[in-house]
>>> print(open('coords10.pdb').read())   # PDB, C-alpha atoms and all ligand atoms
ATOM      1  CA  MET A 754       0.000   0.000   0.000  1.00  0.00           C
ATOM      2  CA  SER A 755       1.330   3.417  -0.915  1.00  0.00           C
ATOM      3  CA  LEU A 756       0.150   6.217   1.332  1.00  0.00           C
ATOM      4  CA  PRO A 757       1.265   9.865   1.506  1.00  0.00           C
ATOM      5  CA  TRP A 758       3.094   9.292   4.776  1.00  0.00           C
ATOM      6  CA  ALA A 759       5.030  12.566   4.738  1.00  0.00           C
ATOM      7  CA  ARG A 760       1.751  14.486   4.377  1.00  0.00           C
ATOM      8  CA  ILE A 761       0.006  12.419   7.077  1.00  0.00           C
ATOM      9  CA  PHE A 762       2.822  12.939   9.580  1.00  0.00           C
ATOM     10  CA  GLY A 763       3.191  16.600   8.623  1.00  0.00           C
ATOM     11  CA  SER A 764      -0.539  17.172   9.258  1.00  0.00           C
ATOM     12  CA  LEU A 765      -0.367  15.410  12.619  1.00  0.00           C
ATOM     13  CA  ARG A 766       2.720  17.362  13.689  1.00  0.00           C
ATOM     14  CA  SER A 767       1.199  20.721  12.699  1.00  0.00           C
ATOM     15  CA  HIS A 768      -2.115  19.931  14.350  1.00  0.00           C
ATOM     16  CA  LEU A 769      -0.566  18.777  17.606  1.00  0.00           C
ATOM     17  CA  GLY A 770       1.824  21.729  17.637  1.00  0.00           C
ATOM     18  CA  SER A 771       2.499  22.621  21.235  1.00  0.00           C
ATOM     19  CA  SER A 772       0.098  20.051  22.739  1.00  0.00           C
ATOM     20  CA  PRO A 773       1.609  18.320  25.756  1.00  0.00           C
ATOM     21  CA  LEU A 774       3.638  15.252  24.813  1.00  0.00           C
ATOM     22  CA  PRO A 775       2.726  11.834  26.241  1.00  0.00           C
ATOM     23  CA  SER A 776       4.355  11.408  29.675  1.00  0.00           C
ATOM     24  CA  VAL A 777       7.198   9.109  28.590  1.00  0.00           C
ATOM     25  CA  SER A 778       8.042  11.439  25.676  1.00  0.00           C
ATOM     26  CA  ARG A 779       8.111  14.338  28.120  1.00  0.00           C
ATOM     27  CA  ILE A 780      10.560  12.438  30.286  1.00  0.00           C
ATOM     28  CA  ALA A 781      12.588  11.503  27.185  1.00  0.00           C
ATOM     29  CA  SER A 782      12.740  15.143  26.073  1.00  0.00           C
ATOM     30  CA  THR A 783      14.592  16.120  29.251  1.00  0.00           C
ATOM     31  CA  ASN A 784      18.203  15.189  29.904  1.00  0.00           C
ATOM     32  CA  THR A 785      17.533  11.588  30.761  1.00  0.00           C
ATOM     33  CA  THR A 786      18.799   8.026  30.340  1.00  0.00           C
ATOM     34  CA  PRO A 787      17.419   4.864  28.681  1.00  0.00           C
ATOM     35  CA  PHE A 788      16.913   3.533  32.218  1.00  0.00           C
ATOM     36  CA  HIS A 789      14.582   6.423  33.097  1.00  0.00           C
ATOM     37  CA  ILE A 790      12.620   5.809  29.901  1.00  0.00           C
ATOM     38  CA  LEU A 791      12.383   2.098  30.691  1.00  0.00           C
ATOM     39  CA  VAL A 792      11.141   2.677  34.236  1.00  0.00           C
ATOM     40  CA  SER A 793       8.672   5.431  33.331  1.00  0.00           C
ATOM     41  CA  THR A 794       7.278   3.259  30.534  1.00  0.00           C
ATOM     42  CA  MET A 795       6.778   0.421  33.011  1.00  0.00           C
ATOM     43  CA  ILE A 796       4.962   2.839  35.331  1.00  0.00           C
ATOM     44  CA  SER A 797       2.825   4.173  32.443  1.00  0.00           C
ATOM     45  CA  LEU A 798       1.038   0.903  31.647  1.00  0.00           C
ATOM     46  CA  ARG A 799      -2.686   1.346  32.386  1.00  0.00           C
ATOM     47  CA  THR A 800      -1.973   4.661  34.077  1.00  0.00           C
ATOM     48  CA  LYS A 801      -2.946   8.226  33.209  1.00  0.00           C
ATOM     49  CA  ASP A 802      -0.228  10.498  31.830  1.00  0.00           C
ATOM     50  CA  GLU A 803      -0.254  12.975  34.722  1.00  0.00           C
ATOM     51  CA  VAL A 804       0.012  10.141  37.246  1.00  0.00           C
ATOM     52  CA  THR A 805       2.885   8.517  35.297  1.00  0.00           C
ATOM     53  CA  LEU A 806       4.841  11.743  35.126  1.00  0.00           C
ATOM     54  CA  ALA A 807       4.455  12.571  38.823  1.00  0.00           C
ATOM     55  CA  ALA A 808       5.171   8.973  39.930  1.00  0.00           C
ATOM     56  CA  SER A 809       8.304   8.751  37.751  1.00  0.00           C
ATOM     57  CA  LEU A 810       9.663  12.053  39.025  1.00  0.00           C
ATOM     58  CA  ARG A 811       8.995  11.028  42.644  1.00  0.00           C
ATOM     59  CA  LEU A 812      10.892   7.767  42.157  1.00  0.00           C
ATOM     60  CA  PHE A 813      13.810   9.433  40.305  1.00  0.00           C
ATOM     61  CA  SER A 814      14.112  12.075  43.017  1.00  0.00           C
ATOM     62  CA  VAL A 815      15.030   9.233  45.393  1.00  0.00           C
ATOM     63  CA  ALA A 816      16.834   6.776  43.090  1.00  0.00           C
ATOM     64  CA  GLN A 817      18.337   7.451  39.646  1.00  0.00           C
ATOM     65  CA  THR A 818      20.196   4.301  38.627  1.00  0.00           C
ATOM     66  CA  PRO A 819      19.481   0.549  38.563  1.00  0.00           C
ATOM     67  CA  ALA A 820      21.803   0.075  41.560  1.00  0.00           C
ATOM     68  CA  GLU A 821      20.044   2.807  43.537  1.00  0.00           C
ATOM     69  CA  ILE A 822      16.607   1.351  42.770  1.00  0.00           C
ATOM     70  CA  CYS A 823      17.803  -2.118  43.843  1.00  0.00           C
ATOM     71  CA  ALA A 824      18.745  -0.629  47.177  1.00  0.00           C
ATOM     72  CA  LEU A 825      15.090   0.303  47.809  1.00  0.00           C
ATOM     73  CA  SER A 826      12.533  -2.209  49.028  1.00  0.00           C
ATOM     74  CA  ALA A 827       9.608  -3.097  46.772  1.00  0.00           C
ATOM     75  CA  ASP A 828       7.328  -1.490  49.383  1.00  0.00           C
ATOM     76  CA  ARG A 829       9.245   1.794  49.190  1.00  0.00           C
ATOM     77  CA  ILE A 830       9.104   1.768  45.367  1.00  0.00           C
ATOM     78  CA  ALA A 831       5.360   1.042  45.538  1.00  0.00           C
ATOM     79  CA  GLU A 832       4.905   3.966  47.908  1.00  0.00           C
ATOM     80  CA  LEU A 833       6.799   6.283  45.547  1.00  0.00           C
ATOM     81  CA  ILE A 834       4.911   5.298  42.380  1.00  0.00           C
ATOM     82  CA  TYR A 835       1.449   5.162  44.004  1.00  0.00           C
ATOM     83  CA  PRO A 836      -1.265   5.741  42.629  1.00  0.00           C
ATOM     84  CA  ALA A 837      -0.033   4.259  39.313  1.00  0.00           C
ATOM     85  CA  GLY A 838      -2.159   1.276  38.267  1.00  0.00           C
ATOM     86  CA  PHE A 839      -0.934  -2.074  39.667  1.00  0.00           C
ATOM     87  CA  TYR A 840       1.693  -0.172  41.630  1.00  0.00           C
ATOM     88  CA  ARG A 841       2.662  -3.132  43.822  1.00  0.00           C
ATOM     89  CA  THR A 842       3.221  -5.484  40.862  1.00  0.00           C
ATOM     90  CA  LYS A 843       5.082  -2.751  38.997  1.00  0.00           C
ATOM     91  CA  ALA A 844       7.268  -2.021  42.028  1.00  0.00           C
ATOM     92  CA  THR A 845       8.334  -5.673  42.159  1.00  0.00           C
ATOM     93  CA  SER A 846       9.032  -5.732  38.393  1.00  0.00           C
ATOM     94  CA  ILE A 847      10.971  -2.442  38.478  1.00  0.00           C
ATOM     95  CA  ARG A 848      13.137  -3.698  41.340  1.00  0.00           C
ATOM     96  CA  GLU A 849      13.787  -7.086  39.714  1.00  0.00           C
ATOM     97  CA  THR A 850      14.471  -5.515  36.321  1.00  0.00           C
ATOM     98  CA  SER A 851      16.941  -3.122  37.955  1.00  0.00           C
ATOM     99  CA  ARG A 852      18.651  -6.036  39.706  1.00  0.00           C
ATOM    100  CA  LEU A 853      19.015  -7.962  36.434  1.00  0.00           C
ATOM    101  CA  ILE A 854      20.359  -4.884  34.627  1.00  0.00           C
ATOM    102  CA  VAL A 855      23.030  -4.572  37.311  1.00  0.00           C
ATOM    103  CA  LYS A 856      23.786  -8.308  37.355  1.00  0.00           C
ATOM    104  CA  GLN A 857      23.561  -9.240  33.688  1.00  0.00           C
ATOM    105  CA  HIS A 858      24.206  -5.979  31.812  1.00  0.00           C
ATOM    106  CA  ALA A 859      26.789  -4.174  33.958  1.00  0.00           C
ATOM    107  CA  GLY A 860      24.220  -1.599  35.053  1.00  0.00           C
ATOM    108  CA  GLN A 861      23.381  -0.497  31.488  1.00  0.00           C
ATOM    109  CA  VAL A 862      19.989  -0.974  29.802  1.00  0.00           C
ATOM    110  CA  PRO A 863      20.590  -3.322  26.835  1.00  0.00           C
ATOM    111  CA  ALA A 864      19.940  -1.751  23.402  1.00  0.00           C
ATOM    112  CA  ASP A 865      18.491  -4.994  22.122  1.00  0.00           C
ATOM    113  CA  LEU A 866      14.861  -6.099  21.743  1.00  0.00           C
ATOM    114  CA  ASP A 867      15.361  -9.716  22.832  1.00  0.00           C
ATOM    115  CA  ALA A 868      17.387  -8.728  25.892  1.00  0.00           C
ATOM    116  CA  LEU A 869      14.801  -6.112  26.861  1.00  0.00           C
ATOM    117  CA  VAL A 870      11.768  -8.407  26.601  1.00  0.00           C
ATOM    118  CA  ALA A 871      13.615 -10.972  28.754  1.00  0.00           C
ATOM    119  CA  LEU A 872      13.362  -8.502  31.667  1.00  0.00           C
ATOM    120  CA  PRO A 873      10.358  -8.876  34.011  1.00  0.00           C
ATOM    121  CA  GLY A 874       7.441  -6.564  33.247  1.00  0.00           C
ATOM    122  CA  VAL A 875       8.911  -5.585  29.853  1.00  0.00           C
ATOM    123  CA  GLY A 876       6.888  -6.423  26.744  1.00  0.00           C
ATOM    124  CA  ARG A 877       7.425  -5.453  23.098  1.00  0.00           C
ATOM    125  CA  LYS A 878       5.646  -2.141  23.529  1.00  0.00           C
ATOM    126  CA  THR A 879       7.935  -1.037  26.348  1.00  0.00           C
ATOM    127  CA  ALA A 880      11.044  -2.452  24.651  1.00  0.00           C
ATOM    128  CA  ASN A 881      10.332  -0.644  21.373  1.00  0.00           C
ATOM    129  CA  LEU A 882       9.735   2.654  23.167  1.00  0.00           C
ATOM    130  CA  VAL A 883      13.048   2.290  25.008  1.00  0.00           C
ATOM    131  CA  LEU A 884      14.882   1.461  21.767  1.00  0.00           C
ATOM    132  CA  GLY A 885      13.343   4.457  19.983  1.00  0.00           C
ATOM    133  CA  LEU A 886      13.354   7.162  22.646  1.00  0.00           C
ATOM    134  CA  GLY A 887      16.297   5.889  24.677  1.00  0.00           C
ATOM    135  CA  PHE A 888      18.716   4.865  21.941  1.00  0.00           C
ATOM    136  CA  GLY A 889      17.376   6.429  18.730  1.00  0.00           C
ATOM    137  CA  ILE A 890      17.052   2.948  17.184  1.00  0.00           C
ATOM    138  CA  GLU A 891      14.233   2.711  14.631  1.00  0.00           C
ATOM    139  CA  ALA A 892      11.451   0.743  16.327  1.00  0.00           C
ATOM    140  CA  ILE A 893       7.649   0.962  16.189  1.00  0.00           C
ATOM    141  CA  CYS A 894       5.988   1.089  19.591  1.00  0.00           C
ATOM    142  CA  VAL A 895       2.391  -0.042  19.138  1.00  0.00           C
ATOM    143  CA  ASP A 896       0.156   0.799  22.061  1.00  0.00           C
ATOM    144  CA  THR A 897      -3.635   0.882  22.154  1.00  0.00           C
ATOM    145  CA  HIS A 898      -3.806   4.242  20.285  1.00  0.00           C
ATOM    146  CA  VAL A 899      -1.447   3.233  17.461  1.00  0.00           C
ATOM    147  CA  HIS A 900      -3.270  -0.105  17.097  1.00  0.00           C
ATOM    148  CA  ARG A 901      -6.724   1.523  17.010  1.00  0.00           C
ATOM    149  CA  ILE A 902      -5.916   4.385  14.639  1.00  0.00           C
ATOM    150  CA  ALA A 903      -3.882   2.284  12.184  1.00  0.00           C
ATOM    151  CA  ASN A 904      -6.817  -0.152  11.917  1.00  0.00           C
ATOM    152  CA  ARG A 905      -9.506   2.533  11.730  1.00  0.00           C
ATOM    153  CA  CYS A 906      -7.666   4.296   8.962  1.00  0.00           C
ATOM    154  CA  GLY A 907      -7.272   1.003   7.103  1.00  0.00           C
ATOM    155  CA  TRP A 908      -3.466   1.282   7.002  1.00  0.00           C
ATOM    156  CA  VAL A 909      -3.372  -2.242   8.440  1.00  0.00           C
ATOM    157  CA  THR A 910      -5.858  -4.961   9.281  1.00  0.00           C
ATOM    158  CA  SER A 911      -4.707  -6.696  12.423  1.00  0.00           C
ATOM    159  CA  ARG A 912      -6.040  -8.432  15.515  1.00  0.00           C
ATOM    160  CA  ASN A 913      -3.484  -7.317  18.075  1.00  0.00           C
ATOM    161  CA  PRO A 914      -0.647  -4.803  18.621  1.00  0.00           C
ATOM    162  CA  ASP A 915       2.117  -7.292  17.715  1.00  0.00           C
ATOM    163  CA  GLU A 916       0.480  -7.927  14.344  1.00  0.00           C
ATOM    164  CA  THR A 917       0.019  -4.175  13.851  1.00  0.00           C
ATOM    165  CA  GLU A 918       3.731  -3.679  14.519  1.00  0.00           C
ATOM    166  CA  ARG A 919       4.721  -6.295  11.915  1.00  0.00           C
ATOM    167  CA  LYS A 920       2.336  -4.885   9.300  1.00  0.00           C
ATOM    168  CA  LEU A 921       3.413  -1.279   9.903  1.00  0.00           C
ATOM    169  CA  GLN A 922       7.037  -2.357   9.496  1.00  0.00           C
ATOM    170  CA  GLU A 923       6.129  -3.467   5.960  1.00  0.00           C
ATOM    171  CA  ILE A 924       4.464  -0.229   4.852  1.00  0.00           C
ATOM    172  CA  LEU A 925       5.764   2.635   6.978  1.00  0.00           C
ATOM    173  CA  PRO A 926       9.038   4.352   5.970  1.00  0.00           C
ATOM    174  CA  ARG A 927      11.653   3.880   8.695  1.00  0.00           C
ATOM    175  CA  ALA A 928      11.948   7.640   9.170  1.00  0.00           C
ATOM    176  CA  HIS A 929       8.530   7.572  10.873  1.00  0.00           C
ATOM    177  CA  TRP A 930       9.013   4.474  13.054  1.00  0.00           C
ATOM    178  CA  ILE A 931       9.963   6.307  16.240  1.00  0.00           C
ATOM    179  CA  GLU A 932       7.609   9.281  15.986  1.00  0.00           C
ATOM    180  CA  ILE A 933       4.435   7.319  15.107  1.00  0.00           C
ATOM    181  CA  ASN A 934       3.896   6.430  18.762  1.00  0.00           C
ATOM    182  CA  GLU A 935       4.234   9.925  20.151  1.00  0.00           C
ATOM    183  CA  LEU A 936       2.007  11.432  17.444  1.00  0.00           C
ATOM    184  CA  LEU A 937      -0.756   8.827  17.493  1.00  0.00           C
ATOM    185  CA  VAL A 938      -0.867   8.636  21.301  1.00  0.00           C
ATOM    186  CA  ALA A 939      -1.408  12.409  21.464  1.00  0.00           C
ATOM    187  CA  TYR A 940      -3.850  12.326  18.525  1.00  0.00           C
ATOM    188  CA  GLY A 941      -5.710   9.373  20.044  1.00  0.00           C
ATOM    189  CA  GLN A 942      -6.159  11.214  23.329  1.00  0.00           C
ATOM    190  CA  LYS A 943      -7.316  14.410  21.661  1.00  0.00           C
ATOM    191  CA  VAL A 944      -9.051  13.660  18.345  1.00  0.00           C
ATOM    192  CA  CYS A 945      -9.283   9.986  17.336  1.00  0.00           C
ATOM    193  CA  THR A 946     -10.607   8.965  20.732  1.00  0.00           C
ATOM    194  CA  PRO A 947     -11.699   5.365  21.424  1.00  0.00           C
ATOM    195  CA  ILE A 948     -15.388   6.309  21.644  1.00  0.00           C
ATOM    196  CA  SER A 949     -16.930   8.813  19.235  1.00  0.00           C
ATOM    197  CA  PRO A 950     -13.817  10.191  17.495  1.00  0.00           C
ATOM    198  CA  ARG A 951     -13.854  13.826  16.305  1.00  0.00           C
ATOM    199  CA  CYS A 952     -13.896  12.977  12.590  1.00  0.00           C
ATOM    200  CA  SER A 953     -15.399  16.339  11.554  1.00  0.00           C
ATOM    201  CA  SER A 954     -12.204  18.140  12.582  1.00  0.00           C
ATOM    202  CA  CYS A 955      -9.709  15.396  11.758  1.00  0.00           C
ATOM    203  CA  VAL A 956      -6.629  16.480   9.792  1.00  0.00           C
ATOM    204  CA  ILE A 957      -5.981  13.011   8.379  1.00  0.00           C
ATOM    205  CA  ALA A 958      -9.599  12.237   7.448  1.00  0.00           C
ATOM    206  CA  ARG A 959      -8.686  11.965   3.742  1.00  0.00           C
ATOM    207  CA  GLN A 960      -6.322   9.114   4.535  1.00  0.00           C
ATOM    208  CA  CYS A 961      -8.817   7.358   6.837  1.00  0.00           C
ATOM    209  CA  ARG A 962     -11.377   4.732   5.811  1.00  0.00           C
ATOM    210  CA  ARG A 963     -13.078   5.007   9.244  1.00  0.00           C
ATOM    211  CA  ILE A 964     -13.270   1.241   9.567  1.00  0.00           C
ATOM    212  CA  GLY A 965     -15.478   0.208  12.496  1.00  0.00           C
ATOM    213  CA  VAL A 966     -16.413   3.803  13.376  1.00  0.00           C
ATOM    214  CA  GLU A 967     -20.136   3.811  14.075  1.00  0.00           C
ATOM    215  CA  ARG A 968     -20.460   7.032  15.995  1.00  0.00           C
ATOM    216  CA  SER A 969     -18.389  10.168  15.599  1.00  0.00           C
ATOM    217  CA  ARG A 970     -18.437  13.885  16.285  1.00  0.00           C
TER     218      ARG A 970
HETATM  219  S1  LIG B   1     -11.372  10.384  10.389  1.00  0.00           S
HETATM  220 FE1  LIG B   1     -12.153   9.833  12.437  1.00  0.00          FE
HETATM  221  S2  LIG B   1     -11.612   7.680  12.689  1.00  0.00           S
HETATM  222 FE2  LIG B   1     -10.335   8.476  11.034  1.00  0.00          FE
HETATM  223  S3  LIG B   1      -8.424   9.134  12.030  1.00  0.00           S
HETATM  224 FE3  LIG B   1      -9.767  10.892  11.907  1.00  0.00          FE
HETATM  225  S4  LIG B   1     -10.837  10.945  13.884  1.00  0.00           S
HETATM  226 FE4  LIG B   1      -9.959   8.872  13.623  1.00  0.00          FE
END
>>> encode(input="coords10.pdb", output="structure tokens", more="lines below")
Ligand code: SF4
Amino acid sequence: MSLPWARIFGSLRSHLGSSPLPSVSRIASTNTTPFHILVSTMISLRTKDEVTLAASLRLFSVAQTPAEICALSADRIAELIYPAGFYRTKATSIRETSRLIVKQHAGQVPADLDALVALPGVGRKTANLVLGLGFGIEAICVDTHVHRIANRCGWVTSRNPDETERKLQEILPRAHWIEINELLVAYGQKVCTPISPRCSSCVIARQCRRIGVERSR
């Protein structure tokens, strides 16, 4: 499929302009490390952006590195990242992941998909975001917004985010692999919302087949 990707991404960028970035992108835009991006992405799962940002900053104000996080108890990490969703489970995963990074990777987050997904609490979505935002390695992070919008528009037909990632890899120029997540997350929160998207003011409506959209504004 040949789509005017440069125009689509240009329209999204112009429309979103100075809109707030998703929380992990905001953390990535400051002087930060791949480890911070990894941890804040783990905190962000099923958690609102404002909560993710505040919880990440609270944790990093106490511990910055894998070794420093290992030195905290899981209870203390849970306390710092509360009220992020599943904060107790995440605290255990963050501590164990930090321990393994110290033990198996000399304290450095591995810049490798297979090594990242071998860490507890790290799936493809998190790993791809860390590769893209943390290391500048071309990777497509497919979360619920990217999956929904790519299917609605008819760019791909897929049943789950992993399939969406594979299909986007076939059609999307590599230059857009990293930015697609940041743009579609922000667009999905603001315009192409899960229920009743704002199609009447959508800047990419001409490239959208509105598949499965029954109600819109
Ligand atoms: S036209 Fe509607 S469904 Fe398609 S991308 Fe825009 S807001 Fe989403």
>>> residues_around(input="coords10.pdb", residues="Ile957 in chain A", least_positions_apart="5", cutoff="12 Å", atoms="all atoms listed in the file", output="VMD selection string")
chain A and resid 756 to 768 902 to 903 905 to 906 937 940 944 to 945 951 to 952 962 to 963
>>> axis_aligned_box(input="coords10.pdb", around="range 873-880 of chain A", padding_each_side="4 Å", output="lines of an AutoDock Vina configuration file")
center_x = 8.3
center_y = -5.0
center_z = 28.6
size_x = 13.4
size_y = 15.8
size_z = 18.9
>>> atom_distance(input="coords10.pdb", atom1="CA of Ala781 in chain A", atom2="CA of His898 in chain A")
19.2 Å
>>> resolve_selection(input="coords10.pdb", expression="the PyMOL selection byres (((chain A and resi 795-809) around 9) and not hetatm)", output="PyMOL selection string")
chain A and resi 775-777+779-780+789-794+810-814+833-840+843-844+846-847+874-875+879
>>> atom_distance(input="coords10.pdb", atom1="CA of Ile931 in chain A", atom2="CA of Asp896 in chain A")
12.7 Å
>>> atom_distance(input="coords10.pdb", atom1="CA of Glu821 in chain A", atom2="CA of Ile890 in chain A")
26.5 Å
>>> resolve_selection(input="coords10.pdb", expression="the PyMOL selection byres (((chain A and resi 901) around 12) and not hetatm)", output="PyMOL selection string")
chain A and resi 895-900+902-914+917-918+934+937-938+940-942+945-948+950+961+963-966
>>> resolve_selection(input="coords10.pdb", expression="the PyMOL selection byres (((chain A and resi 819) around 8) and not hetatm)", output="list in words")
Phe788, Gln817, Thr818, Ala820, Glu821, Ile822, Cys823, Ser851, Arg852, Ile854, Val855 and Gly860 of chain A
>>> closest_residue(input="coords10.pdb", among="A:Ile933, A:Val883, A:Ala864, A:Val956", to="ligand LIG 1 (chain B)", atoms="only C-alpha atoms and all ligand atoms")
A:Val956
>>> closest_residue(input="coords10.pdb", among="A:Cys894, A:Leu936, A:Arg959, A:Ser771", to="Arg919 in chain A", atoms="all atoms listed in the file")
A:Cys894
>>> closest_residue(input="coords10.pdb", among="A:Arg829, A:Arg841, A:Lys878, A:Arg970", to="ligand LIG 1 (chain B)", atoms="all atoms listed in the file")
A:Arg970
>>> closest_residue(input="coords10.pdb", among="A:Ser949, A:Thr845, A:Gln861, A:Thr783", to="ligand LIG 1 (chain B)", atoms="all atoms listed in the file")
A:Ser949
>>> closest_residue(input="coords10.pdb", among="A:Ala824, A:Val815, A:Cys955, A:Leu921", to="ligand LIG 1 (chain B)", atoms="only C-alpha atoms and all ligand atoms")
A:Cys955
